[in-house]
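Source file: work_19.cif (mmCIF, C-alpha atoms and all ligand atoms)
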```
data_query
loop_
_atom_site.label_atom_id
_atom_site.label_comp_id
_atom_site.auth_asym_id
_atom_site.auth_seq_id
_atom_site.Cartn_x
_atom_site.Cartn_y
_atom_site.Cartn_z
CA MET A 1423 -131.22 -103.52 153.47
CA LYS A 1424 -130.39 -100.07 154.85
CA THR A 1425 -132.72 -98.79 157.62
CA ALA A 1426 -134.56 -95.72 156.46
CA TYR A 1427 -137.30 -93.91 158.32
CA ASN A 1428 -139.56 -92.83 155.51
CA PHE A 1429 -141.40 -89.53 156.12
CA ASN A 1430 -142.08 -88.77 152.45
CA ALA A 1431 -145.28 -86.85 151.66
CA GLY A 1432 -146.42 -89.29 148.98
CA PRO A 1433 -145.63 -91.65 147.44
CA CYS A 1434 -144.67 -92.82 150.89
CA VAL A 1435 -144.26 -95.70 153.28
CA LEU A 1436 -146.67 -98.64 152.78
CA PRO A 1437 -147.34 -101.65 155.03
CA LYS A 1438 -144.50 -104.16 154.75
CA GLU A 1439 -146.86 -107.14 154.57
CA ALA A 1440 -148.78 -105.49 151.70
CA ILE A 1441 -145.53 -105.02 149.78
CA GLU A 1442 -144.50 -108.64 150.47
CA SER A 1443 -147.76 -110.15 149.22
CA THR A 1444 -147.66 -107.91 146.16
CA ILE A 1445 -144.14 -109.13 145.38
CA ASN A 1446 -145.48 -112.69 145.53
CA ALA A 1447 -148.37 -111.80 143.22
CA ILE A 1448 -145.97 -110.17 140.77
CA ARG A 1449 -144.34 -113.60 140.51
CA ASP A 1450 -147.58 -115.59 140.48
CA PHE A 1451 -151.04 -114.03 140.64
CA ASP A 1452 -153.78 -116.14 142.25
CA ASN A 1453 -152.04 -119.47 141.49
CA THR A 1454 -152.34 -118.89 137.77
CA GLY A 1455 -148.64 -119.33 137.04
CA ILE A 1456 -148.77 -115.83 135.54
CA GLY A 1457 -147.47 -112.71 137.27
CA LEU A 1458 -149.58 -109.66 138.22
CA PHE A 1459 -147.97 -107.48 135.55
CA GLU A 1460 -148.84 -110.05 132.91
CA ILE A 1461 -152.44 -111.08 133.66
CA SER A 1462 -155.43 -109.94 131.66
CA HIS A 1463 -157.76 -107.66 133.60
CA ARG A 1464 -160.56 -109.93 132.38
CA THR A 1465 -159.32 -112.99 134.27
CA PRO A 1466 -161.88 -114.14 136.87
CA GLY A 1467 -159.28 -113.80 139.64
CA TRP A 1468 -158.86 -110.16 138.74
CA GLU A 1469 -162.59 -109.45 138.67
CA ARG A 1470 -162.74 -110.97 142.15
CA THR A 1471 -159.86 -108.77 143.33
CA MET A 1472 -161.69 -105.67 142.08
CA GLU A 1473 -164.86 -106.71 143.88
CA GLU A 1474 -162.95 -107.47 147.09
CA THR A 1475 -161.16 -104.12 146.94
CA ARG A 1476 -164.47 -102.28 146.65
CA GLN A 1477 -165.84 -104.37 149.51
CA LEU A 1478 -162.85 -103.46 151.69
CA TRP A 1479 -163.60 -99.78 151.05
CA ARG A 1480 -167.26 -100.37 151.95
CA ASP A 1481 -166.39 -102.23 155.14
CA LEU A 1482 -163.71 -99.82 156.30
CA LEU A 1483 -165.63 -96.59 155.65
CA ASN A 1484 -169.19 -97.92 155.96
CA ILE A 1485 -169.99 -96.80 152.43
CA PRO A 1486 -173.73 -97.15 151.73
CA ALA A 1487 -175.04 -98.99 148.65
CA GLU A 1488 -176.13 -95.79 146.89
CA TYR A 1489 -172.48 -94.85 146.46
CA GLU A 1490 -170.16 -96.33 143.83
CA ILE A 1491 -166.43 -96.71 144.39
CA LEU A 1492 -164.30 -96.14 141.31
CA PHE A 1493 -160.63 -96.84 140.71
CA LEU A 1494 -159.35 -94.64 137.92
CA GLY A 1495 -156.11 -93.37 136.45
CA GLY A 1496 -154.92 -89.78 136.16
CA GLY A 1497 -154.32 -88.86 139.81
CA ALA A 1498 -156.30 -86.50 142.00
CA SER A 1499 -155.30 -83.70 139.61
CA THR A 1500 -157.53 -85.20 136.90
CA GLN A 1501 -160.40 -85.16 139.38
CA PHE A 1502 -159.93 -81.38 139.77
CA MET A 1503 -161.38 -81.27 136.24
CA ALA A 1504 -163.70 -84.30 136.38
CA VAL A 1505 -165.57 -83.08 139.47
CA PRO A 1506 -166.79 -79.80 137.92
CA ALA A 1507 -167.27 -81.52 134.55
CA ASN A 1508 -169.77 -83.89 136.18
CA LEU A 1509 -171.32 -81.65 138.83
CA LEU A 1510 -171.04 -77.95 137.97
CA ASN A 1511 -174.16 -76.74 136.22
CA LYS A 1512 -173.93 -73.05 137.09
CA LYS A 1513 -172.00 -72.32 140.24
CA ALA A 1514 -169.54 -74.02 142.59
CA ALA A 1515 -168.00 -72.98 145.91
CA TYR A 1516 -164.43 -73.76 147.01
CA LEU A 1517 -162.52 -73.40 150.26
CA GLN A 1518 -158.96 -72.39 149.47
CA THR A 1519 -156.72 -73.91 152.08
CA GLY A 1520 -153.65 -74.67 150.00
CA VAL A 1521 -152.24 -74.98 146.51
CA TRP A 1522 -154.10 -78.23 145.82
CA ALA A 1523 -157.38 -76.54 146.70
CA LYS A 1524 -156.41 -73.58 144.52
CA LYS A 1525 -155.58 -75.88 141.61
CA ALA A 1526 -158.94 -77.61 142.03
CA ALA A 1527 -160.78 -74.25 141.93
CA LYS A 1528 -158.83 -73.20 138.83
CA GLU A 1529 -160.31 -76.15 136.91
CA ALA A 1530 -163.83 -75.39 138.16
CA LYS A 1531 -163.56 -71.89 136.65
CA LEU A 1532 -163.44 -73.52 133.22
CA PHE A 1533 -166.96 -74.86 133.78
CA GLY A 1534 -168.83 -72.06 135.51
CA GLU A 1535 -168.95 -69.47 138.24
CA THR A 1536 -166.58 -70.44 141.03
CA VAL A 1537 -166.85 -68.74 144.41
CA ILE A 1538 -163.87 -68.88 146.76
CA VAL A 1539 -165.70 -68.71 150.07
CA ALA A 1540 -162.55 -68.21 152.16
CA SER A 1541 -158.80 -68.51 151.77
CA SER A 1542 -155.81 -68.74 154.09
CA GLU A 1543 -153.33 -67.74 151.39
CA ASP A 1544 -152.57 -64.50 153.30
CA LYS A 1545 -150.58 -66.52 155.87
CA THR A 1546 -149.08 -69.21 153.62
CA TYR A 1547 -152.07 -71.46 154.33
CA SER A 1548 -150.95 -71.96 157.93
CA TYR A 1549 -154.51 -72.11 159.29
CA ILE A 1550 -158.04 -73.18 158.33
CA PRO A 1551 -160.34 -70.16 157.86
CA LYS A 1552 -163.11 -69.89 160.46
CA ASP A 1553 -166.86 -69.52 159.87
CA PHE A 1554 -166.57 -70.30 156.19
CA LEU A 1555 -169.83 -72.29 156.06
CA SER A 1556 -171.96 -69.17 156.44
CA LYS A 1557 -170.39 -67.87 153.21
CA VAL A 1558 -171.22 -70.91 151.08
CA PRO A 1559 -173.94 -69.85 148.61
CA ALA A 1560 -176.98 -72.11 149.02
CA ASP A 1561 -177.49 -72.09 145.24
CA ALA A 1562 -174.01 -73.52 144.54
CA ASP A 1563 -174.10 -76.96 142.91
CA TYR A 1564 -171.51 -78.16 145.43
CA PHE A 1565 -168.97 -77.00 148.00
CA HIS A 1566 -165.43 -78.36 147.59
CA ILE A 1567 -162.96 -78.79 150.45
CA THR A 1568 -159.51 -80.33 150.74
CA THR A 1569 -159.67 -82.10 154.08
CA ASN A 1570 -155.91 -82.34 154.57
CA ASN A 1571 -153.44 -79.84 153.21
CA THR A 1572 -150.40 -81.98 152.56
CA ILE A 1573 -147.95 -79.13 151.99
CA TYR A 1574 -148.90 -76.88 154.93
CA GLY A 1575 -149.89 -79.44 157.56
CA THR A 1576 -153.43 -78.23 158.25
CA GLU A 1577 -156.48 -80.46 158.34
CA ILE A 1578 -160.25 -80.37 158.76
CA LYS A 1579 -160.36 -83.41 161.00
CA TYR A 1580 -164.11 -83.80 161.23
CA ASP A 1581 -167.09 -84.07 158.89
CA LEU A 1582 -168.70 -80.67 158.36
CA GLU A 1583 -172.27 -80.31 159.60
CA ASN A 1584 -175.07 -78.24 158.06
CA VAL A 1585 -173.36 -77.54 154.76
CA PRO A 1586 -175.85 -75.51 152.67
CA THR A 1587 -175.16 -77.55 149.52
CA MET A 1588 -173.60 -80.85 148.45
CA LEU A 1589 -170.18 -81.46 149.95
CA VAL A 1590 -167.28 -82.69 147.78
CA ALA A 1591 -163.90 -83.49 149.29
CA ASP A 1592 -160.38 -84.11 148.11
CA MET A 1593 -159.17 -86.59 150.75
CA SER A 1594 -155.94 -87.54 148.99
CA SER A 1595 -153.80 -87.24 152.09
CA ASP A 1596 -156.04 -88.26 154.98
CA ILE A 1597 -158.41 -90.90 153.62
CA MET A 1598 -158.48 -93.99 155.90
CA SER A 1599 -156.70 -92.12 158.67
CA ARG A 1600 -159.96 -91.61 160.58
CA PRO A 1601 -163.60 -92.67 160.30
CA VAL A 1602 -165.60 -90.57 157.84
CA ASP A 1603 -169.37 -90.28 157.61
CA VAL A 1604 -169.59 -90.83 153.85
CA LYS A 1605 -173.31 -89.97 153.83
CA LYS A 1606 -172.39 -86.33 154.48
CA TYR A 1607 -170.63 -86.13 151.11
CA GLY A 1608 -171.81 -86.28 147.52
CA LEU A 1609 -168.34 -87.23 146.33
CA ILE A 1610 -164.94 -88.00 147.86
CA TYR A 1611 -161.81 -88.48 145.78
CA GLY A 1612 -158.06 -88.70 146.02
CA GLY A 1613 -154.83 -90.14 144.74
CA ALA A 1614 -154.05 -93.44 146.47
CA GLN A 1615 -150.39 -92.73 147.06
CA LYS A 1616 -150.51 -91.78 150.74
CA ASN A 1617 -152.69 -94.03 152.88
CA VAL A 1618 -154.28 -96.49 150.48
CA GLY A 1619 -151.67 -97.66 148.01
CA PRO A 1620 -149.11 -96.64 145.43
CA ALA A 1621 -149.32 -93.90 142.81
CA GLY A 1622 -151.22 -94.86 139.68
CA VAL A 1623 -154.72 -95.37 141.04
CA THR A 1624 -157.23 -92.69 142.03
CA PHE A 1625 -160.30 -93.43 144.12
CA VAL A 1626 -163.68 -91.76 143.63
CA ILE A 1627 -166.58 -92.46 146.00
CA VAL A 1628 -169.69 -91.01 144.42
CA ARG A 1629 -173.40 -91.03 145.23
CA LYS A 1630 -174.89 -92.31 142.01
CA ASP A 1631 -178.01 -90.15 141.96
CA ILE A 1632 -176.00 -86.91 141.61
CA LEU A 1633 -174.67 -87.93 138.18
CA GLY A 1634 -176.08 -87.03 134.78
CA LYS A 1635 -177.57 -83.75 136.01
CA ILE A 1636 -175.73 -81.29 133.76
CA THR A 1637 -178.49 -79.47 131.91
CA ASP A 1638 -177.63 -75.78 131.66
CA ARG A 1639 -173.97 -75.76 130.81
CA GLN A 1640 -172.65 -75.18 127.28
CA TYR A 1641 -169.04 -76.22 127.76
CA MET A 1642 -168.18 -79.95 127.64
CA ASN A 1643 -171.79 -80.99 127.44
CA PRO A 1644 -172.36 -83.81 126.69
CA LEU A 1645 -169.36 -85.08 128.56
CA PRO A 1646 -166.50 -86.91 126.85
CA THR A 1647 -166.90 -90.64 127.62
CA MET A 1648 -163.89 -91.05 129.89
CA VAL A 1649 -164.72 -87.92 131.92
CA ASP A 1650 -168.29 -89.05 132.65
CA TYR A 1651 -168.33 -90.96 135.97
CA ARG A 1652 -171.32 -92.96 134.70
CA THR A 1653 -169.01 -94.66 132.21
CA HIS A 1654 -167.02 -96.12 135.10
CA ALA A 1655 -169.91 -96.66 137.52
CA ALA A 1656 -171.34 -99.38 135.29
CA GLU A 1657 -174.49 -101.31 136.16
CA GLU A 1658 -172.83 -104.72 136.10
CA ALA A 1659 -170.26 -105.24 138.86
CA LYS A 1660 -167.77 -106.85 136.49
CA ASN A 1661 -167.68 -103.64 134.43
CA ILE A 1662 -167.20 -101.14 137.26
CA SER A 1663 -163.93 -99.26 136.67
CA MET A 1664 -163.32 -101.62 133.76
CA PHE A 1665 -164.41 -99.47 130.82
CA ASN A 1666 -160.75 -99.29 129.92
CA THR A 1667 -157.77 -101.14 131.36
CA PRO A 1668 -157.59 -100.35 135.08
CA PRO A 1669 -154.22 -99.82 136.82
CA VAL A 1670 -154.08 -103.48 137.80
CA SER A 1671 -150.89 -103.63 139.86
CA ALA A 1672 -151.66 -100.40 141.75
CA ILE A 1673 -155.15 -101.67 142.62
CA PHE A 1674 -153.66 -104.94 143.83
CA LEU A 1675 -151.37 -103.13 146.25
CA MET A 1676 -154.35 -101.02 147.35
CA HIS A 1677 -156.23 -104.28 148.06
CA GLU A 1678 -153.35 -105.53 150.21
CA THR A 1679 -152.99 -102.17 151.99
CA LEU A 1680 -156.69 -102.10 152.88
CA LYS A 1681 -156.54 -105.70 154.08
CA TRP A 1682 -153.77 -104.59 156.43
CA VAL A 1683 -155.90 -101.72 157.79
CA LYS A 1684 -158.82 -104.09 158.31
CA ASN A 1685 -157.15 -107.26 159.58
CA THR A 1686 -153.87 -106.20 161.17
CA ILE A 1687 -154.87 -102.80 162.53
CA GLY A 1688 -158.53 -103.64 163.18
CA GLY A 1689 -160.19 -100.89 161.14
CA VAL A 1690 -160.15 -97.15 160.65
CA ALA A 1691 -161.11 -96.18 164.22
CA GLU A 1692 -158.13 -98.16 165.52
CA MET A 1693 -155.95 -96.67 162.79
CA ASN A 1694 -156.98 -93.22 163.96
CA LYS A 1695 -155.96 -93.94 167.57
CA ILE A 1696 -152.49 -94.95 166.39
CA ASN A 1697 -152.24 -91.92 164.11
CA VAL A 1698 -153.23 -89.53 166.90
CA LYS A 1699 -150.64 -91.06 169.20
CA LYS A 1700 -147.85 -90.72 166.62
CA SER A 1701 -148.90 -87.18 165.80
CA GLU A 1702 -149.06 -86.06 169.44
CA LEU A 1703 -145.62 -87.48 170.04
CA LEU A 1704 -144.09 -85.40 167.27
CA TYR A 1705 -146.02 -82.17 167.97
CA ALA A 1706 -145.07 -82.41 171.64
CA GLU A 1707 -141.41 -82.47 170.63
CA ILE A 1708 -141.77 -79.66 168.08
CA ASP A 1709 -143.40 -77.51 170.79
CA ARG A 1710 -140.91 -78.47 173.51
CA ASN A 1711 -137.64 -78.34 171.59
CA SER A 1712 -135.93 -74.92 171.81
CA MET A 1713 -134.42 -75.43 168.36
CA PHE A 1714 -137.72 -75.62 166.51
CA ARG A 1715 -141.10 -73.96 166.00
CA GLY A 1716 -144.25 -75.44 164.43
CA THR A 1717 -145.64 -73.51 161.45
CA VAL A 1718 -149.30 -74.21 162.25
CA GLU A 1719 -150.04 -72.23 165.41
CA ALA A 1720 -153.74 -73.01 165.78
CA LYS A 1721 -153.49 -76.45 167.34
CA GLU A 1722 -157.00 -77.47 166.30
CA ASP A 1723 -155.96 -76.99 162.65
CA ARG A 1724 -152.86 -79.17 162.87
CA SER A 1725 -152.81 -82.15 160.58
CA ILE A 1726 -152.29 -85.58 162.09
CA MET A 1727 -150.73 -86.66 158.79
CA ASN A 1728 -148.25 -83.92 157.78
CA HIS A 1729 -146.25 -82.14 160.48
CA CYS A 1730 -144.46 -78.93 159.51
CA TRP A 1731 -141.85 -77.04 161.49
CA VAL A 1732 -138.99 -74.60 161.01
CA MET A 1733 -135.95 -73.56 163.05
CA ALA A 1734 -136.83 -71.36 166.04
CA GLU A 1735 -136.05 -67.65 165.97
CA GLY A 1736 -132.32 -67.11 166.20
CA ARG A 1737 -131.60 -70.71 165.14
CA GLU A 1738 -132.26 -70.27 161.42
CA GLY A 1739 -128.59 -70.73 160.58
CA LEU A 1740 -128.74 -74.33 161.84
CA GLN A 1741 -131.26 -75.56 159.26
CA ASP A 1742 -128.78 -77.29 156.94
CA LYS A 1743 -126.95 -78.71 159.93
CA PHE A 1744 -130.12 -80.34 161.28
CA MET A 1745 -130.98 -81.68 157.85
CA ALA A 1746 -127.55 -83.36 157.59
CA PHE A 1747 -127.79 -84.58 161.22
CA ALA A 1748 -131.19 -86.18 160.56
CA LYS A 1749 -130.06 -87.71 157.27
CA GLU A 1750 -127.12 -89.31 159.03
CA ARG A 1751 -129.61 -91.00 161.40
CA GLY A 1752 -131.71 -92.46 158.60
CA MET A 1753 -134.47 -89.82 158.35
CA VAL A 1754 -135.76 -89.62 154.78
CA GLY A 1755 -138.16 -87.09 153.24
CA ILE A 1756 -138.25 -84.47 156.01
CA LYS A 1757 -137.44 -81.45 153.84
CA GLY A 1758 -140.39 -79.04 153.89
CA HIS A 1759 -142.12 -78.09 150.65
CA ARG A 1760 -140.29 -75.21 148.96
CA SER A 1761 -143.23 -72.83 149.56
CA VAL A 1762 -143.01 -73.33 153.35
CA GLY A 1763 -139.34 -74.21 153.90
CA GLY A 1764 -138.06 -75.95 157.00
CA PHE A 1765 -139.16 -79.49 157.66
CA ARG A 1766 -142.16 -81.73 157.16
CA ALA A 1767 -142.67 -85.26 158.45
CA SER A 1768 -145.59 -87.18 156.99
CA LEU A 1769 -146.84 -89.80 159.43
CA TYR A 1770 -149.22 -91.71 157.20
CA ASN A 1771 -150.99 -94.90 158.28
CA ALA A 1772 -148.08 -97.23 157.52
CA CYS A 1773 -145.45 -95.08 159.24
CA PRO A 1774 -144.52 -97.09 162.35
CA ILE A 1775 -144.38 -95.44 165.77
CA GLU A 1776 -140.71 -96.49 165.96
CA ALA A 1777 -139.95 -94.10 163.10
CA VAL A 1778 -141.59 -91.23 165.00
CA GLU A 1779 -139.67 -92.16 168.16
CA ALA A 1780 -136.42 -92.17 166.16
CA LEU A 1781 -137.21 -88.72 164.75
CA VAL A 1782 -138.05 -87.35 168.21
CA GLN A 1783 -134.80 -88.78 169.59
CA CYS A 1784 -132.90 -87.22 166.70
CA MET A 1785 -134.45 -83.78 167.46
CA GLN A 1786 -133.54 -84.15 171.15
CA ASP A 1787 -129.96 -85.17 170.36
CA PHE A 1788 -129.60 -82.22 168.02
CA GLU A 1789 -130.79 -79.85 170.72
CA LYS A 1790 -128.30 -81.28 173.24
CA GLU A 1791 -125.39 -80.90 170.83
CA ASN A 1792 -126.24 -77.38 169.70
CA LYS A 1793 -127.66 -75.59 172.75
C1 LIG B 1 -154.38 -82.95 148.93
C2 LIG B 1 -153.85 -83.30 147.58
N1 LIG B 1 -154.64 -83.17 146.50
C3 LIG B 1 -154.21 -83.49 145.26
C4 LIG B 1 -152.92 -83.92 145.04
C5 LIG B 1 -152.48 -84.25 143.66
O1 LIG B 1 -152.50 -85.61 143.50
P1 LIG B 1 -152.00 -86.35 142.17
O2 LIG B 1 -150.52 -86.22 142.16
O3 LIG B 1 -152.49 -87.75 142.37
O4 LIG B 1 -152.61 -85.68 140.99
C6 LIG B 1 -152.06 -84.09 146.13
C7 LIG B 1 -150.69 -84.59 145.94
O5 LIG B 1 -149.88 -84.64 146.83
C8 LIG B 1 -152.53 -83.76 147.42
O6 LIG B 1 -151.75 -83.89 148.50
#
```
Translate the structure of the given file into structure tokens.
Amino acid sequence: MKTAYNFNAGPCVLPKEAIESTINAIRDFDNTGIGLFEISHRTPGWERTMEETRQLWRDLLNIPAEYEILFLGGGASTQFMAVPANLLNKKAAYLQTGVWAKKAAKEAKLFGETVIVASSEDKTYSYIPKDFLSKVPADADYFHITTNNTIYGTEIKYDLENVPTMLVADMSSDIMSRPVDVKKYGLIYGGAQKNVGPAGVTFVIVRKDILGKITDRQYMNPLPTMVDYRTHAAEEAKNISMFNTPPVSAIFLMHETLKWVKNTIGGVAEMNKINVKKSELLYAEIDRNSMFRGTVEAKEDRSIMNHCWVMAEGREGLQDKFMAFAKERGMVGIKGHRSVGGFRASLYNACPIEAVEALVQCMQDFEKENK
């Protein structure tokens, strides 16, 4: 097989051993003689896999018993609607740090008053606004943040303290990249297709006591069955995320991916050390190389997952040349999002350090040839 260094923003690189064991299960799931695509989601082996997957989440992120972990369809984009549907009685607050955050807020507006406490849209979302917590209304039902802004390469890399209301986070692109204090959040959600599996499954970690509290709202009240998190957070373990057919094969690969984080890497704290090392390596080269310039100037706001850079001043004409040069050397998925331009390398959990070293070497070689 051709060597490709995969820097795609998601779907993206996944652990090789997780892919291998999934291929085996596609042929024969749990010694049943039936492949993963063909099993019933009511087979005991599948119920066990669901339970184990939830347990892996609990172990890796220390998720307390009062939270349920749901595996749903529809992507993070469906959660943009489901979150306000379940939690917005009167008013919600949103931090607008990118187009995903903006899309999330747009859905909230359908359900009630939506306050944008701060936005970095003025500078193409190239920074995280400062002092936004003081602007969060205390009477908001929740405050929504996007911890990692996949397109712009900015990230809130820590758990916010002293939030005046319940915190809700879209962690699509940095979940499992660092330890998170789940207790600080009412709800965490995301699409799996960066750090925890393939596209097709969405995770929702929700504190159960916050559900079923919509009293004042007219719109979508009562909630449609599938939108109501309580439908999926069933009492009996065997029914959790099993109200309708779950995305079986995607959850299986999530199970294998989490096993890799736990057993091969040694947990999320270890994962974070590796991620920081990879990230520092690439940012150091972006900052050193005379050909390039990082788009996120405030270093404390730089994402350790998505790294964005453009050609340095006076070198703009070399953009296509670098893209072709990098492609020739096996770099895949480094084109920046169209709203930012330039380049983006996503160094998710499963991206090996060798790929980052190859990219750094490629940037150095390009500089030597074009100085
Ligand atoms: C931070 C963030 N939120 C939401 C989404 C949308 O996810 P989905 O495609 O699963 O709806 C993405 C997709 O890249 C994302 O990066």
Cut-off 9 Å, all atoms listed in the file, neighbours of ligand LIG 1 (chain B) as a PyMOL selection string: chain A and resi 1431-1433+1495-1502+1520-1523+1525-1526+1568-1573+1592-1596+1611-1616+1621-1624
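Rounded to one decimal, atom CA of A:Leu1582 and atom CA of A:Ile1567 lie 10.0 Å from each other.
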Residue neighbourhood A:Asp1563, 12 Å, all atoms listed in the file, exclusion window fewer than 4 positions, as JSON, numbers by chain: {"A": [1505, 1506, 1507, 1508, 1509, 1510, 1511, 1512, 1513, 1514, 1515, 1516, 1530, 1533, 1534, 1535, 1536, 1537, 1558, 1559, 1585, 1586, 1587, 1588, 1589, 1590, 1608, 1632, 1633, 1635, 1636, 1638]}
Top pick for closest residue to A:Ala1691, considering A:Arg1751, A:Lys1660, A:His1566, A:Arg1600 and counting all atoms listed in the file: A:Arg1600
Distance of atom CA of A:Gly1716 from atom CA of A:Arg1766, expressed in Å to one decimal place: 9.8 Å
Point (-167.8, -99.0, 149.7) neighbourhood (12 Å, all atoms listed in the file) written as number ranges by chain: A: 1472-1493, 1602-1605, 1610, 1625-1629, 1680
Any chance you could export the current selection's C-alpha atoms as a PDB file, keeping the file's coordinate frame?
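Dumped everything to part_32.pdb:
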```pdb
ATOM      1  CA  MET A1472    -161.690-105.670 142.080  1.00  0.00           C
ATOM      2  CA  GLU A1473    -164.860-106.710 143.880  1.00  0.00           C
ATOM      3  CA  GLU A1474    -162.950-107.470 147.090  1.00  0.00           C
ATOM      4  CA  THR A1475    -161.160-104.120 146.940  1.00  0.00           C
ATOM      5  CA  ARG A1476    -164.470-102.280 146.650  1.00  0.00           C
ATOM      6  CA  GLN A1477    -165.840-104.370 149.510  1.00  0.00           C
ATOM      7  CA  LEU A1478    -162.850-103.460 151.690  1.00  0.00           C
ATOM      8  CA  TRP A1479    -163.600 -99.780 151.050  1.00  0.00           C
ATOM      9  CA  ARG A1480    -167.260-100.370 151.950  1.00  0.00           C
ATOM     10  CA  ASP A1481    -166.390-102.230 155.140  1.00  0.00           C
ATOM     11  CA  LEU A1482    -163.710 -99.820 156.300  1.00  0.00           C
ATOM     12  CA  LEU A1483    -165.630 -96.590 155.650  1.00  0.00           C
ATOM     13  CA  ASN A1484    -169.190 -97.920 155.960  1.00  0.00           C
ATOM     14  CA  ILE A1485    -169.990 -96.800 152.430  1.00  0.00           C
ATOM     15  CA  PRO A1486    -173.730 -97.150 151.730  1.00  0.00           C
ATOM     16  CA  ALA A1487    -175.040 -98.990 148.650  1.00  0.00           C
ATOM     17  CA  GLU A1488    -176.130 -95.790 146.890  1.00  0.00           C
ATOM     18  CA  TYR A1489    -172.480 -94.850 146.460  1.00  0.00           C
ATOM     19  CA  GLU A1490    -170.160 -96.330 143.830  1.00  0.00           C
ATOM     20  CA  ILE A1491    -166.430 -96.710 144.390  1.00  0.00           C
ATOM     21  CA  LEU A1492    -164.300 -96.140 141.310  1.00  0.00           C
ATOM     22  CA  PHE A1493    -160.630 -96.840 140.710  1.00  0.00           C
ATOM     23  CA  VAL A1602    -165.600 -90.570 157.840  1.00  0.00           C
ATOM     24  CA  ASP A1603    -169.370 -90.280 157.610  1.00  0.00           C
ATOM     25  CA  VAL A1604    -169.590 -90.830 153.850  1.00  0.00           C
ATOM     26  CA  LYS A1605    -173.310 -89.970 153.830  1.00  0.00           C
ATOM     27  CA  ILE A1610    -164.940 -88.000 147.860  1.00  0.00           C
ATOM     28  CA  PHE A1625    -160.300 -93.430 144.120  1.00  0.00           C
ATOM     29  CA  VAL A1626    -163.680 -91.760 143.630  1.00  0.00           C
ATOM     30  CA  ILE A1627    -166.580 -92.460 146.000  1.00  0.00           C
ATOM     31  CA  VAL A1628    -169.690 -91.010 144.420  1.00  0.00           C
ATOM     32  CA  ARG A1629    -173.400 -91.030 145.230  1.00  0.00           C
ATOM     33  CA  LEU A1680    -156.690-102.100 152.880  1.00  0.00           C
TER      34      LEU A1680
END
```
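Using all atoms listed in the file for every distance, the candidate list A:Val1782, A:Lys1557, A:Thr1444, A:Asp1631 yields A:Asp1631 as the residue closest to A:Ala1655.
Distances here use only C-alpha atoms; by that measure, the residue among A:Glu1789, A:Glu1779, A:Asp1581, A:Glu1702 closest to A:Met1727 is A:Glu1702.
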Best match for closeness to A:Leu1517 among A:Arg1464, A:Lys1552, A:Lys1545, A:Lys1793, counting only C-alpha atoms: A:Lys1552
Contacts of A:Cys1434 at 10 Å (only C-alpha atoms; same-chain gap of 3+ positions) as JSON, numbers by chain: {"A": [1428, 1429, 1430, 1431, 1615, 1616, 1617, 1619, 1620, 1621, 1755, 1768, 1769, 1770, 1771, 1772, 1773]}
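Atom CA of A:Gly1575 to atom CA of A:Asp1723 spans 8.3 Å [interatomic distance, one decimal].
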Contact residues around A:Phe1459 with only C-alpha atoms at 9 Å, ignoring same-chain residues under 4 positions, as a ChimeraX atom specification: /A:1447-1449,1451,1670-1671
Exercise: A:Thr1519 partners within 6 Å, all atoms listed in the file, chain neighbours under 2 positions left out, as a compact mmCIF listing (two decimals) with C-alpha atoms, in the frame of the given file:
```txt
# COMPACT_ATOMS: atom_id res chain seq x y z
CA SER A 1541 -158.80 -68.51 151.77
CA SER A 1542 -155.81 -68.74 154.09
CA TYR A 1547 -152.07 -71.46 154.33
```
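The smallest atom-to-atom distance between A:Asn1685 and any of A:Asp1452, A:Ala1440, A:Ile1756, A:Cys1730, using all atoms listed in the file, is found for A:Ala1440.
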Close residues, A:Glu1791 itself excluded, 12 Å, all atoms listed in the file, min 6 positions apart in chain, as number ranges by chain: A: 1713, 1740, 1743-1744, 1747, 1784-1785
Ref. answer, residues at most 10 Å from (-139.5, -82.1, 167.9) with all atoms listed in the file, as a VMD selection string: chain A and resid 1703 to 1716 1731 1778 1781 to 1786 1788 to 1789
Store the residues of this selection in a file with C-alpha atoms, as a compact mmCIF listing (two decimals), in the coordinates of the input.
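What landed in again.txt:
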```txt
# COMPACT_ATOMS: atom_id res chain seq x y z
CA LEU A 1703 -145.62 -87.48 170.04
CA LEU A 1704 -144.09 -85.40 167.27
CA TYR A 1705 -146.02 -82.17 167.97
CA ALA A 1706 -145.07 -82.41 171.64
CA GLU A 1707 -141.41 -82.47 170.63
CA ILE A 1708 -141.77 -79.66 168.08
CA ASP A 1709 -143.40 -77.51 170.79
CA ARG A 1710 -140.91 -78.47 173.51
CA ASN A 1711 -137.64 -78.34 171.59
CA SER A 1712 -135.93 -74.92 171.81
CA MET A 1713 -134.42 -75.43 168.36
CA PHE A 1714 -137.72 -75.62 166.51
CA ARG A 1715 -141.10 -73.96 166.00
CA GLY A 1716 -144.25 -75.44 164.43
CA TRP A 1731 -141.85 -77.04 161.49
CA VAL A 1778 -141.59 -91.23 165.00
CA LEU A 1781 -137.21 -88.72 164.75
CA VAL A 1782 -138.05 -87.35 168.21
CA GLN A 1783 -134.80 -88.78 169.59
CA CYS A 1784 -132.90 -87.22 166.70
CA MET A 1785 -134.45 -83.78 167.46
CA GLN A 1786 -133.54 -84.15 171.15
CA PHE A 1788 -129.60 -82.22 168.02
CA GLU A 1789 -130.79 -79.85 170.72
```
Residue among A:Ala1591, A:Ala1562, A:Ile1550, A:Val1649 lying closest to A:Glu1719, counting only C-alpha atoms: A:Ile1550
Where's the centre, and what are the edge lengths in Å to one decimal, of a box along x, y and z enclosing all listed atoms of stretch 1697-1712 of chain A padded 5 Å per side, as AutoDock Vina command-line options?
```
--center_x -144.6 --center_y -83.4 --center_z 168.8 --size_x 27.3 --size_y 27.0 --size_z 19.4
```
